[in-house]
$ cat protein36.txt   # compact mmCIF, C-alpha atoms
# COMPACT_ATOMS: atom_id res chain seq x y z
CA MET A 730 0.00 0.00 0.00
CA PRO A 731 1.56 3.34 -1.03
CA THR A 732 2.19 6.00 1.58
CA VAL A 733 1.58 9.64 0.72
CA THR A 734 3.46 12.27 2.63
CA MET A 735 2.10 15.76 2.25
CA THR A 736 1.42 18.95 4.12
CA VAL A 737 -2.24 19.47 4.92
CA ASN A 738 -3.24 22.82 6.41
CA GLY A 739 0.35 23.34 7.51
CA ARG A 740 0.70 19.96 9.20
CA ASN A 741 2.97 17.20 7.85
CA VAL A 742 1.00 13.99 7.42
CA SER A 743 1.68 10.50 6.11
CA VAL A 744 -1.26 8.46 4.93
CA ASP A 745 -1.47 4.88 3.70
CA VAL A 746 -3.70 4.77 0.62
CA GLU A 747 -4.59 2.47 -2.26
CA PRO A 748 -3.17 3.51 -5.66
CA HIS A 749 -6.70 4.40 -6.74
CA THR A 750 -7.68 6.32 -3.59
CA LEU A 751 -8.81 9.82 -4.55
CA LEU A 752 -7.38 12.82 -2.76
CA VAL A 753 -10.84 13.68 -1.43
CA GLN A 754 -11.18 10.17 0.07
CA ALA A 755 -7.80 10.45 1.75
CA LEU A 756 -8.73 13.83 3.20
CA ARG A 757 -12.15 12.78 4.42
CA GLU A 758 -11.71 9.13 5.35
CA LYS A 759 -8.09 8.96 6.45
CA LEU A 760 -7.52 12.43 7.85
CA ARG A 761 -11.14 12.98 8.93
CA LEU A 762 -11.19 16.39 7.30
CA THR A 763 -14.83 16.11 6.32
CA GLY A 764 -15.27 19.77 5.46
CA THR A 765 -14.33 18.91 1.87
CA HIS A 766 -17.45 17.42 0.31
CA VAL A 767 -18.19 14.94 -2.43
CA GLY A 768 -21.13 16.19 -4.44
CA CYS A 769 -21.34 14.88 -7.97
CA ASP A 770 -18.16 12.78 -7.97
CA THR A 771 -17.92 13.50 -11.71
CA SER A 772 -15.73 16.64 -11.71
CA GLN A 773 -18.60 19.02 -12.20
CA CYS A 774 -20.00 20.41 -8.95
CA GLY A 775 -16.90 21.75 -7.20
CA ALA A 776 -17.95 20.77 -3.65
CA CYS A 777 -14.55 19.03 -3.32
CA VAL A 778 -12.34 21.99 -4.29
CA VAL A 779 -9.11 22.26 -2.29
CA HIS A 780 -5.83 24.03 -2.98
CA VAL A 781 -2.87 21.90 -4.02
CA ASN A 782 0.43 23.79 -4.24
CA GLY A 783 -1.53 27.03 -4.41
CA ARG A 784 -3.91 25.94 -7.17
CA ALA A 785 -7.62 25.24 -6.75
CA ILE A 786 -8.41 21.76 -8.01
CA LYS A 787 -11.21 19.23 -7.72
CA SER A 788 -9.99 16.68 -5.20
CA CYS A 789 -12.40 14.06 -6.59
CA THR A 790 -10.38 14.17 -9.81
CA MET A 791 -6.92 13.71 -8.39
CA LEU A 792 -5.34 10.59 -6.97
CA ALA A 793 -4.07 10.86 -3.41
CA VAL A 794 -0.71 9.50 -4.60
CA GLN A 795 -0.41 12.45 -6.98
CA ALA A 796 -0.30 14.72 -3.92
CA GLN A 797 2.99 13.21 -2.74
CA GLY A 798 5.07 16.09 -1.40
CA ALA A 799 2.31 18.63 -2.06
CA ASP A 800 1.06 21.47 0.08
CA VAL A 801 -2.70 21.01 0.49
CA ILE A 802 -5.12 23.53 1.99
CA THR A 803 -8.70 22.52 2.77
CA ILE A 804 -11.60 24.54 4.14
CA GLU A 805 -10.44 23.59 7.65
CA GLY A 806 -7.18 25.41 6.97
CA LEU A 807 -8.70 28.83 6.34
CA ALA A 808 -9.86 29.98 9.76
CA ASN A 809 -7.35 31.26 12.29
CA GLY A 810 -8.38 29.37 15.40
CA SER A 811 -11.93 30.48 16.16
CA LYS A 812 -11.60 33.54 13.93
CA LEU A 813 -13.16 32.90 10.54
CA HIS A 814 -11.33 33.73 7.32
CA PRO A 815 -12.73 36.96 5.82
CA MET A 816 -14.27 34.95 2.97
CA GLN A 817 -16.04 32.65 5.43
CA GLU A 818 -17.22 35.68 7.37
CA ALA A 819 -18.51 37.26 4.15
CA PHE A 820 -20.54 34.13 3.30
CA ARG A 821 -22.13 34.34 6.76
CA ASP A 822 -22.80 38.07 6.53
CA ASN A 823 -24.34 37.85 3.07
CA HIS A 824 -26.35 34.68 3.62
CA GLY A 825 -24.23 33.08 0.91
CA LEU A 826 -25.43 29.59 1.81
CA GLN A 827 -28.59 27.72 2.56
CA CYS A 828 -28.00 23.98 2.97
CA GLY A 829 -24.24 24.57 3.05
CA PHE A 830 -23.25 21.53 1.03
CA CYS A 831 -21.49 23.44 -1.75
CA THR A 832 -20.09 26.08 0.60
CA PRO A 833 -16.63 24.64 1.32
CA GLY A 834 -15.92 24.37 -2.40
CA MET A 835 -17.43 27.79 -3.06
CA ILE A 836 -15.19 29.38 -0.44
CA MET A 837 -12.04 27.58 -1.60
CA SER A 838 -12.81 28.68 -5.17
CA ALA A 839 -13.56 32.21 -3.98
CA VAL A 840 -10.19 32.52 -2.23
CA ASP A 841 -8.51 31.24 -5.41
CA ILE A 842 -10.40 33.79 -7.54
CA VAL A 843 -9.18 36.61 -5.32
CA LYS A 844 -5.63 35.31 -5.57
CA ARG A 845 -5.80 35.33 -9.37
CA LYS A 846 -8.07 38.25 -10.10
CA GLY A 847 -7.52 40.64 -7.21
CA ASN A 848 -9.71 42.20 -4.54
CA ASP A 849 -12.03 44.25 -6.72
CA LEU A 850 -14.25 41.73 -8.44
CA ASP A 851 -17.25 42.66 -10.53
CA GLU A 852 -20.33 40.46 -10.69
CA HIS A 853 -19.61 39.23 -14.21
CA THR A 854 -16.11 38.06 -13.32
CA ILE A 855 -17.34 36.24 -10.22
CA ARG A 856 -20.11 34.47 -12.11
CA GLU A 857 -17.75 33.41 -14.90
CA GLU A 858 -15.20 32.16 -12.40
CA LEU A 859 -17.85 30.11 -10.59
CA GLU A 860 -18.28 28.00 -13.71
CA GLY A 861 -17.03 24.94 -11.86
CA ASN A 862 -19.09 25.28 -8.68
CA LEU A 863 -22.73 24.30 -8.52
CA CYS A 864 -25.20 25.42 -5.87
CA ARG A 865 -28.74 24.03 -5.95
CA CYS A 866 -30.21 26.29 -3.22
CA THR A 867 -29.31 29.91 -3.50
CA GLY A 868 -29.55 30.80 -7.16
CA TYR A 869 -25.97 32.11 -6.69
CA HIS A 870 -27.09 35.67 -6.00
CA ASN A 871 -25.89 35.88 -2.41
CA ILE A 872 -22.82 33.78 -3.16
CA VAL A 873 -21.76 36.37 -5.72
CA LYS A 874 -22.38 39.16 -3.20
CA ALA A 875 -20.46 37.27 -0.53
CA ILE A 876 -17.44 36.75 -2.78
CA ALA A 877 -17.33 40.43 -3.77
CA ALA A 878 -17.49 41.43 -0.10
CA GLY A 879 -15.01 38.73 1.00
CA ALA A 880 -12.56 39.80 -1.69
CA LYS A 881 -12.61 43.36 -0.38
CA ALA A 882 -12.27 42.18 3.22
CA MET A 883 -9.24 40.04 2.25
CA LYS A 884 -7.43 43.20 1.17
CA SER A 885 -6.87 44.10 4.79
CA GLY A 886 -4.19 41.51 5.42
CA ALA A 887 -5.79 38.09 5.52
CA ARG A 888 -3.89 34.90 4.78
CA ALA A 889 -4.49 32.06 2.27
CA MET B 387 -12.53 2.50 -9.85
CA HIS B 388 -10.70 -0.77 -10.44
CA THR B 389 -7.31 -0.70 -8.83
CA PHE B 390 -4.01 -0.53 -10.68
CA ALA B 391 -0.31 -0.24 -10.02
CA TYR B 392 0.84 3.38 -9.80
CA HIS B 393 4.21 4.48 -11.15
CA ARG B 394 5.82 7.88 -10.92
CA PRO B 395 8.94 7.86 -13.12
CA ALA B 396 11.47 10.67 -12.76
CA ASN B 397 12.34 10.93 -16.46
CA THR B 398 10.89 10.19 -19.88
CA ARG B 399 13.17 7.20 -20.47
CA GLN B 400 11.78 5.41 -17.43
CA ALA B 401 8.26 6.53 -18.35
CA ALA B 402 8.61 5.15 -21.87
CA ALA B 403 9.81 1.79 -20.54
CA LEU B 404 6.80 1.59 -18.21
CA LEU B 405 4.41 2.66 -20.95
CA ALA B 406 5.66 -0.08 -23.24
CA LYS B 407 3.66 -2.57 -21.17
CA LYS B 408 0.16 -3.64 -22.12
CA GLU B 409 -2.89 -2.21 -20.32
CA THR B 410 -0.93 0.84 -19.27
CA LYS B 411 -1.97 4.48 -19.46
CA ALA B 412 -0.10 7.70 -18.98
CA LEU B 413 -1.55 10.12 -16.42
CA ALA B 414 -1.01 13.78 -17.23
CA GLY B 415 -3.58 16.16 -15.69
CA GLY B 416 -6.03 13.32 -15.17
CA GLN B 417 -9.11 15.33 -16.07
CA THR B 418 -10.32 12.71 -18.54
CA LEU B 419 -8.51 9.56 -17.45
CA LEU B 420 -9.63 9.73 -13.81
CA PRO B 421 -13.33 10.33 -14.55
CA ALA B 422 -13.19 7.52 -17.14
CA LEU B 423 -11.60 5.16 -14.59
CA LYS B 424 -14.13 6.17 -11.93
CA LEU B 425 -17.04 5.49 -14.23
CA ARG B 426 -15.37 2.22 -15.25
CA LEU B 427 -15.50 3.30 -18.86
CA THR B 428 -11.93 2.12 -18.89
CA SER B 429 -9.67 0.10 -16.64
CA VAL B 430 -5.92 -0.32 -16.65
CA ASP B 431 -3.29 -2.45 -14.94
CA ASN B 432 -0.74 0.35 -14.70
CA VAL B 433 -0.94 4.11 -14.41
CA VAL B 434 2.23 6.02 -15.25
CA ASP B 435 2.10 9.49 -13.70
CA LEU B 436 4.08 11.96 -15.81
CA GLY B 437 3.82 14.57 -13.06
CA GLY B 438 7.19 13.63 -11.59
CA ILE B 439 9.15 14.47 -14.74
CA LYS B 440 10.71 17.91 -14.49
CA GLY B 441 10.69 20.49 -17.27
CA LEU B 442 7.81 19.08 -19.33
CA ASP B 443 5.67 22.16 -18.73
CA ALA B 444 8.03 24.80 -20.14
CA ILE B 445 6.65 27.44 -22.49
CA GLN B 446 8.95 29.41 -24.77
CA ALA B 447 8.95 31.46 -27.96
CA LYS B 448 11.63 30.14 -30.31
CA GLY B 449 12.08 32.16 -33.47
CA ARG B 450 8.89 31.87 -35.49
CA ASN B 451 7.44 29.16 -33.27
CA LEU B 452 5.82 28.88 -29.89
CA VAL B 453 6.94 25.75 -28.05
CA VAL B 454 4.61 24.50 -25.33
CA GLY B 455 5.56 21.60 -23.07
CA ALA B 456 3.14 18.67 -23.00
CA MET B 457 2.54 19.04 -19.26
CA ALA B 458 1.71 22.74 -19.47
CA ARG B 459 -1.62 23.15 -17.74
CA HIS B 460 -4.46 25.01 -19.46
CA ALA B 461 -4.35 27.78 -16.84
CA GLN B 462 -0.62 28.16 -17.44
CA VAL B 463 -1.13 28.55 -21.21
CA ALA B 464 -4.08 30.92 -20.69
CA THR B 465 -2.10 33.26 -18.44
CA SER B 466 1.43 32.92 -19.86
CA PRO B 467 2.77 36.33 -20.99
CA VAL B 468 4.82 34.46 -23.63
CA VAL B 469 1.72 32.81 -25.14
CA LYS B 470 -0.36 35.99 -24.87
CA LYS B 471 2.26 37.92 -26.79
CA ALA B 472 3.21 35.33 -29.43
CA LEU B 473 -0.09 33.55 -29.99
CA PRO B 474 -3.00 35.21 -28.16
CA ALA B 475 -5.52 32.94 -29.91
CA LEU B 476 -4.01 29.94 -28.10
CA ALA B 477 -4.16 31.68 -24.71
CA ALA B 478 -7.80 32.56 -25.37
CA LEU B 479 -8.59 28.97 -26.36
CA ALA B 480 -7.00 27.60 -23.19
CA GLU B 481 -9.02 30.06 -21.11
CA GLN B 482 -12.25 28.53 -22.49
CA ILE B 483 -11.53 24.92 -21.56
CA GLY B 484 -13.71 23.42 -18.82
CA ASP B 485 -13.74 25.44 -15.61
CA PRO B 486 -10.99 27.06 -13.50
CA HIS B 487 -10.28 23.86 -11.54
CA VAL B 488 -10.07 21.72 -14.65
CA ARG B 489 -7.75 24.32 -16.20
CA ASN B 490 -5.54 24.11 -13.12
CA ALA B 491 -5.02 20.40 -13.68
CA GLY B 492 -5.59 19.48 -17.35
CA THR B 493 -2.65 19.61 -19.75
CA LEU B 494 -2.03 20.24 -23.45
CA GLY B 495 -0.39 16.85 -23.96
CA GLY B 496 -3.16 15.03 -22.12
CA SER B 497 -5.81 16.72 -24.21
CA ILE B 498 -4.33 15.92 -27.59
CA ALA B 499 -3.25 12.39 -26.64
CA ASN B 500 -6.86 11.73 -25.66
CA ASN B 501 -8.19 13.37 -28.86
CA ASP B 502 -11.74 13.82 -27.66
CA PRO B 503 -13.82 14.79 -30.73
CA SER B 504 -15.12 17.84 -28.83
CA ALA B 505 -11.88 18.99 -27.22
CA ASP B 506 -10.47 22.43 -27.98
CA TYR B 507 -6.72 21.87 -28.31
CA PRO B 508 -6.89 19.53 -31.32
CA ALA B 509 -8.41 22.44 -33.29
CA ALA B 510 -5.45 24.68 -32.40
CA CYS B 511 -2.91 22.00 -33.31
CA LEU B 512 -4.52 21.23 -36.65
CA GLY B 513 -5.46 24.85 -37.37
CA LEU B 514 -1.90 26.02 -36.83
CA GLY B 515 -0.23 23.04 -38.48
CA ALA B 516 1.62 22.30 -35.26
CA THR B 517 4.26 19.62 -34.85
CA ILE B 518 3.86 17.14 -32.02
CA VAL B 519 7.26 16.22 -30.64
CA THR B 520 7.46 12.85 -28.88
CA ASN B 521 10.31 10.90 -27.31
CA LYS B 522 10.61 9.04 -30.64
CA ARG B 523 9.81 11.44 -33.49
CA LYS B 524 8.14 14.59 -34.72
CA ILE B 525 4.57 14.19 -35.96
CA PRO B 526 2.79 16.87 -38.05
CA ALA B 527 -0.71 17.58 -36.68
CA ASP B 528 -2.13 16.58 -40.09
CA ARG B 529 -0.97 13.03 -39.41
CA PHE B 530 -1.44 12.96 -35.63
CA PHE B 531 -5.24 12.95 -35.19
CA LYS B 532 -6.48 9.61 -36.49
CA GLY B 533 -10.14 9.53 -35.49
CA LEU B 534 -12.33 9.29 -32.41
CA PHE B 535 -9.96 9.13 -29.42
CA GLU B 536 -7.30 7.79 -31.79
CA THR B 537 -3.89 9.30 -32.48
CA ALA B 538 -0.68 8.33 -34.22
CA LEU B 539 1.00 7.70 -30.86
CA GLY B 540 2.45 4.24 -30.47
CA ARG B 541 2.95 2.24 -27.31
CA GLY B 542 5.68 3.72 -25.15
CA GLU B 543 5.49 7.01 -27.04
CA ILE B 544 5.17 10.18 -24.94
CA ILE B 545 4.40 13.69 -26.13
CA LEU B 546 7.15 16.04 -24.94
CA GLN B 547 6.10 19.31 -26.54
CA VAL B 548 4.04 20.90 -29.25
CA VAL B 549 5.62 23.34 -31.68
CA PHE B 550 3.13 25.93 -32.96
CA PRO B 551 4.22 27.98 -36.01
CA LEU B 552 3.23 31.62 -35.51
CA PRO B 553 0.62 32.88 -38.00
CA LYS B 554 0.03 36.46 -39.16
CA CYS B 555 -3.25 36.26 -37.29
CA ALA B 556 -5.49 33.58 -35.81
CA ALA B 557 -8.61 33.12 -33.71
CA TYR B 558 -10.71 30.38 -32.17
CA MET B 559 -14.46 30.61 -31.84
CA LYS B 560 -16.43 28.05 -29.94
CA PHE B 561 -20.07 27.40 -29.32
CA PRO B 562 -19.83 25.61 -25.99
CA ASN B 563 -22.15 22.93 -24.77
CA PRO B 564 -23.83 24.87 -21.97
CA ALA B 565 -23.39 22.05 -19.46
CA SER B 566 -19.97 20.57 -20.18
CA ARG B 567 -18.23 23.53 -21.88
CA PHE B 568 -16.89 21.10 -24.44
CA ALA B 569 -17.19 22.47 -27.97
CA LEU B 570 -20.53 21.76 -29.59
CA VAL B 571 -18.63 23.28 -32.49
CA GLY B 572 -15.31 25.10 -32.37
CA VAL B 573 -13.43 26.58 -35.32
CA PHE B 574 -9.79 27.65 -35.33
CA VAL B 575 -8.63 29.81 -38.24
CA ALA B 576 -5.07 30.88 -38.93
CA ASP B 577 -3.73 33.07 -41.71
CA PHE B 578 -0.09 32.39 -42.61
CA GLY B 579 -0.18 34.47 -45.80
CA LYS B 580 0.96 31.68 -48.11
CA GLU B 581 -1.53 29.35 -46.43
CA VAL B 582 -4.81 29.65 -44.53
CA ARG B 583 -5.88 26.84 -42.24
CA VAL B 584 -9.34 26.17 -40.81
CA ALA B 585 -9.78 23.39 -38.26
CA VAL B 586 -13.11 22.26 -36.86
CA THR B 587 -13.68 20.45 -33.58
CA GLY B 588 -16.86 19.19 -31.93
CA ALA B 589 -18.53 18.41 -35.22
CA GLY B 590 -16.74 15.57 -37.01
CA GLU B 591 -17.67 11.93 -36.42
CA ASP B 592 -13.96 11.18 -36.74
CA GLY B 593 -12.87 14.09 -34.60
CA VAL B 594 -11.12 17.28 -35.61
CA PHE B 595 -10.92 18.01 -39.35
CA ARG B 596 -9.87 20.74 -41.78
CA ALA B 597 -12.47 22.66 -43.78
CA LYS B 598 -10.60 22.77 -47.10
CA ASP B 599 -13.31 24.68 -49.04
CA MET B 600 -13.13 27.44 -46.47
CA GLU B 601 -9.34 27.46 -46.54
CA ALA B 602 -9.34 27.93 -50.32
CA ALA B 603 -11.88 30.76 -50.14
CA LEU B 604 -10.02 32.51 -47.33
CA LYS B 605 -6.70 32.19 -49.10
CA LYS B 606 -8.09 34.35 -51.92
CA LYS B 607 -9.29 36.93 -49.44
CA PHE B 608 -9.07 36.62 -45.67
CA THR B 609 -12.42 38.09 -44.78
CA ALA B 610 -15.61 36.64 -43.29
CA ALA B 611 -17.53 37.48 -46.47
CA SER B 612 -15.34 34.99 -48.37
CA LEU B 613 -17.23 32.24 -46.56
CA ASP B 614 -20.65 33.37 -47.84
CA GLY B 615 -22.34 30.58 -49.73
CA ILE B 616 -20.03 27.82 -48.51
CA LYS B 617 -22.30 25.11 -47.20
CA VAL B 618 -20.84 22.51 -44.86
CA PRO B 619 -22.11 19.05 -45.89
CA THR B 620 -23.79 17.06 -43.11
CA ARG B 621 -22.10 13.82 -44.13
CA GLY B 622 -19.70 12.75 -41.39
CA ILE B 623 -21.02 15.38 -38.98
CA MET B 624 -21.97 14.22 -35.47
CA SER B 625 -25.59 14.00 -34.47
CA ASP B 626 -26.58 13.51 -30.84
CA ILE B 627 -28.99 14.73 -28.17
CA HIS B 628 -27.16 18.05 -27.97
CA ALA B 629 -27.39 18.96 -31.66
CA ASP B 630 -28.19 17.20 -34.91
CA ALA B 631 -25.88 17.13 -37.91
CA ALA B 632 -27.67 19.92 -39.80
CA TYR B 633 -27.45 22.24 -36.80
CA ARG B 634 -23.78 21.47 -36.23
CA ALA B 635 -22.94 21.89 -39.91
CA HIS B 636 -24.63 25.28 -39.88
CA LEU B 637 -22.74 26.23 -36.72
CA VAL B 638 -19.42 25.42 -38.39
CA GLY B 639 -20.11 28.18 -40.91
CA VAL B 640 -21.21 30.63 -38.23
CA MET B 641 -18.23 29.96 -35.98
CA ALA B 642 -15.81 30.10 -38.91
CA LYS B 643 -17.07 33.55 -39.90
CA ARG B 644 -16.84 34.78 -36.33
CA ALA B 645 -13.32 33.41 -36.04
CA VAL B 646 -12.19 35.13 -39.24
CA ALA B 647 -13.73 38.40 -38.03
CA ALA B 648 -12.07 38.01 -34.62
CA ALA B 649 -8.74 37.36 -36.31
CA GLY B 650 -9.11 40.70 -38.06
CA GLY B 651 -10.29 39.47 -41.46
$ encode --input "protein36.txt" --output "structure tokens"
Amino acid sequence: MPTVTMTVNGRNVSVDVEPHTLLVQALREKLRLTGTHVGCDTSQCGACVVHVNGRAIKSCTMLAVQAQGADVITIEGLANGSKLHPMQEAFRDNHGLQCGFCTPGMIMSAVDIVKRKGNDLDEHTIREELEGNLCRCTGYHNIVKAIAAGAKAMKSGARA
Amino acid sequence: MHTFAYHRPANTRQAAALLAKKETKALAGGQTLLPALKLRLTSVDNVVDLGGIKGLDAIQAKGRNLVVGAMARHAQVATSPVVKKALPALAALAEQIGDPHVRNAGTLGGSIANNDPSADYPAACLGLGATIVTNKRKIPADRFFKGLFETALGRGEIILQVVFPLPKCAAYMKFPNPASRFALVGVFVADFGKEVRVAVTGAGEDGVFRAKDMEAALKKKFTAASLDGIKVPTRGIMSDIHADAAYRAHLVGVMAKRAVAAAGG
């Protein structure tokens, strides 16, 4: 059984996996980081988005063994202790979730969008960039508002 | 997913030796192979991960060519200042593939080795007359794409880079499937002066193809109006629940005109 050694949310971990274990399975089932969700399991919904070496990817479409040596950030790695990440805070403030299932992936994507596109995001950009994240509750409206607000809030010195 | 043995070679020589075995697949970005394995559309005994080989994702302008490494991810091509300057049509094409997360993982080499009939990159390779450089030889795009999910690649052969000749102008226009973002029809046009090339993806039953009638008309005058009256025959055009052959054939003409206009013609 292969062993994957990687950094997850700043912590060095070694996990025994099968060659065909997906990264999302390793995170959820081996490391018990169940904040990362499996929605569609067909690379479409984005509930499983995590950051691998600084890039947002769908962890249902990556083998755990491919993450050997990688730096992985999951939704659990965003908050600073009990203080929420500004993007998490913005989702709360703007009612950017209803059932919450897609939220971890939405927030991980949102943080990635800010990293690539900056802190001043217009609605069109946000909607285009959310191409790979599906939400079946909100109609996206408040998610878009939350991301715009979270992006601005991140300007004042937040991490990730 | 059926299980398999996983290999992560450190260089192309080792990778080629591993890939010479039967029932073995190369893993590049994994954005097609992994979903196919998960759905059990395919199963393999060995997976050879090319992600451990250094330097395969380099992008550089070399004289009158743009050379893109096979492991260059779509997001890398879309945002590369080198690509944007030398061949903006290719950067724009890469930006339209899948979604941001797919673009952060999927690669040029993976896309063309898979040769999905609705993928975007085959249109750029064929439309620009690119050369696919493998560990064994150099293959012109005209001889590389062999049909549905079929290429000229042999067993143990690995794409190292793709050499794109730089045209005077070029553009890619795609009518995306609204759900998958694969091309329902995509047309890449490139004007090299002495030659005009038009490549169509998403429409052909045998995958990407060149629209020779359009090329001839555009060679006389590189303007959208040159395509007036050219009817794309429905023979050999895909027909499925997303669009029938007549609709796709019509779209080829529409997308071609838009591409020529976008290229400045």
$ interface_residues --input "protein36.txt" --of "chain A" --to "chain B" --cutoff "12 Å" --atoms "all atoms listed in the file" --output "VMD selection string"
chain A and resid 730 to 732 746 to 752 769 to 799 834 to 835 837 to 839 841 to 842 845 to 846 855 to 863
$ axis_aligned_box --input "protein36.txt" --around "stretch 529-541 of chain B" --padding-each-side "4 Å" --output "lines of an AutoDock Vina configuration file"
center_x = -4.7
center_y = 7.6
center_z = -33.4
size_x = 23.3
size_y = 18.8
size_z = 20.1
$ closest_residue --input "protein36.txt" --among "A:Ala877, A:Val767, A:Cys864, A:Leu760" --to "A:Thr832" --atoms "all atoms listed in the file"
A:Cys864
$ residues_around --input "protein36.txt" --residues "stretch 541-558 of chain B" --least-positions-apart "6" --cutoff "6 Å" --atoms "only C-alpha atoms" --output "number ranges by chain"
B: 402, 405-406, 450-456, 475, 516-521, 573-578, 645, 649
$ residues_near_point --input "protein36.txt" --point "(-1.9, 12.4, -38.0)" --cutoff "12 Å" --atoms "only C-alpha atoms" --output "list in words"
Ile498, Ala499, Asn501, Pro508, Cys511, Leu512, Gly515, Ala516, Thr517, Ile518, Lys524, Ile525, Pro526, Ala527, Asp528, Arg529, Phe530, Phe531, Lys532, Gly533, Glu536, Thr537, Ala538, Leu539, Gly540, Gly593, Val594 and Phe595 of chain B
$ build_atoms --input "protein36.txt" --residues "stretch 871-882 of chain A" --atoms "N, CA, C and O atoms" --output "mmCIF file, in the coordinates of the input"
data_model
loop_
_atom_site.group_PDB
_atom_site.id
_atom_site.type_symbol
_atom_site.label_atom_id
_atom_site.label_comp_id
_atom_site.auth_asym_id
_atom_site.auth_seq_id
_atom_site.Cartn_x
_atom_site.Cartn_y
_atom_site.Cartn_z
ATOM 1 N N ASN A 871 -26.584 35.481 -3.633
ATOM 2 C CA ASN A 871 -25.890 35.880 -2.410
ATOM 3 C C ASN A 871 -24.455 35.349 -2.359
ATOM 4 O O ASN A 871 -23.611 35.912 -1.668
ATOM 5 N N ILE A 872 -24.204 34.275 -3.086
ATOM 6 C CA ILE A 872 -22.820 33.780 -3.160
ATOM 7 C C ILE A 872 -21.961 34.823 -3.872
ATOM 8 O O ILE A 872 -20.850 35.146 -3.439
ATOM 9 N N VAL A 873 -22.498 35.361 -4.964
ATOM 10 C CA VAL A 873 -21.760 36.370 -5.720
ATOM 11 C C VAL A 873 -21.508 37.605 -4.841
ATOM 12 O O VAL A 873 -20.391 38.135 -4.787
ATOM 13 N N LYS A 874 -22.546 38.006 -4.104
ATOM 14 C CA LYS A 874 -22.380 39.160 -3.200
ATOM 15 C C LYS A 874 -21.329 38.869 -2.135
ATOM 16 O O LYS A 874 -20.505 39.718 -1.787
ATOM 17 N N ALA A 875 -21.386 37.650 -1.593
ATOM 18 C CA ALA A 875 -20.460 37.270 -0.530
ATOM 19 C C ALA A 875 -19.018 37.302 -1.034
ATOM 20 O O ALA A 875 -18.110 37.779 -0.339
ATOM 21 N N ILE A 876 -18.810 36.801 -2.245
ATOM 22 C CA ILE A 876 -17.440 36.750 -2.780
ATOM 23 C C ILE A 876 -16.906 38.165 -3.025
ATOM 24 O O ILE A 876 -15.751 38.467 -2.709
ATOM 25 N N ALA A 877 -17.772 39.041 -3.549
ATOM 26 C CA ALA A 877 -17.330 40.430 -3.770
ATOM 27 C C ALA A 877 -16.936 41.071 -2.439
ATOM 28 O O ALA A 877 -15.892 41.731 -2.330
ATOM 29 N N ALA A 878 -17.767 40.839 -1.418
ATOM 30 C CA ALA A 878 -17.490 41.430 -0.100
ATOM 31 C C ALA A 878 -16.253 40.784 0.534
ATOM 32 O O ALA A 878 -15.388 41.470 1.088
ATOM 33 N N GLY A 879 -16.154 39.451 0.423
ATOM 34 C CA GLY A 879 -15.010 38.730 1.000
ATOM 35 C C GLY A 879 -13.704 39.150 0.348
ATOM 36 O O GLY A 879 -12.671 39.275 1.013
ATOM 37 N N ALA A 880 -13.767 39.387 -0.964
ATOM 38 C CA ALA A 880 -12.560 39.800 -1.690
ATOM 39 C C ALA A 880 -12.057 41.131 -1.154
ATOM 40 O O ALA A 880 -10.857 41.313 -0.940
ATOM 41 N N LYS A 881 -12.994 42.038 -0.931
ATOM 42 C CA LYS A 881 -12.610 43.360 -0.380
ATOM 43 C C LYS A 881 -12.043 43.202 1.026
ATOM 44 O O LYS A 881 -11.039 43.821 1.378
ATOM 45 N N ALA A 882 -12.708 42.360 1.824
ATOM 46 C CA ALA A 882 -12.270 42.180 3.220
ATOM 47 C C ALA A 882 -10.875 41.541 3.272
ATOM 48 O O ALA A 882 -10.103 41.800 4.197
#
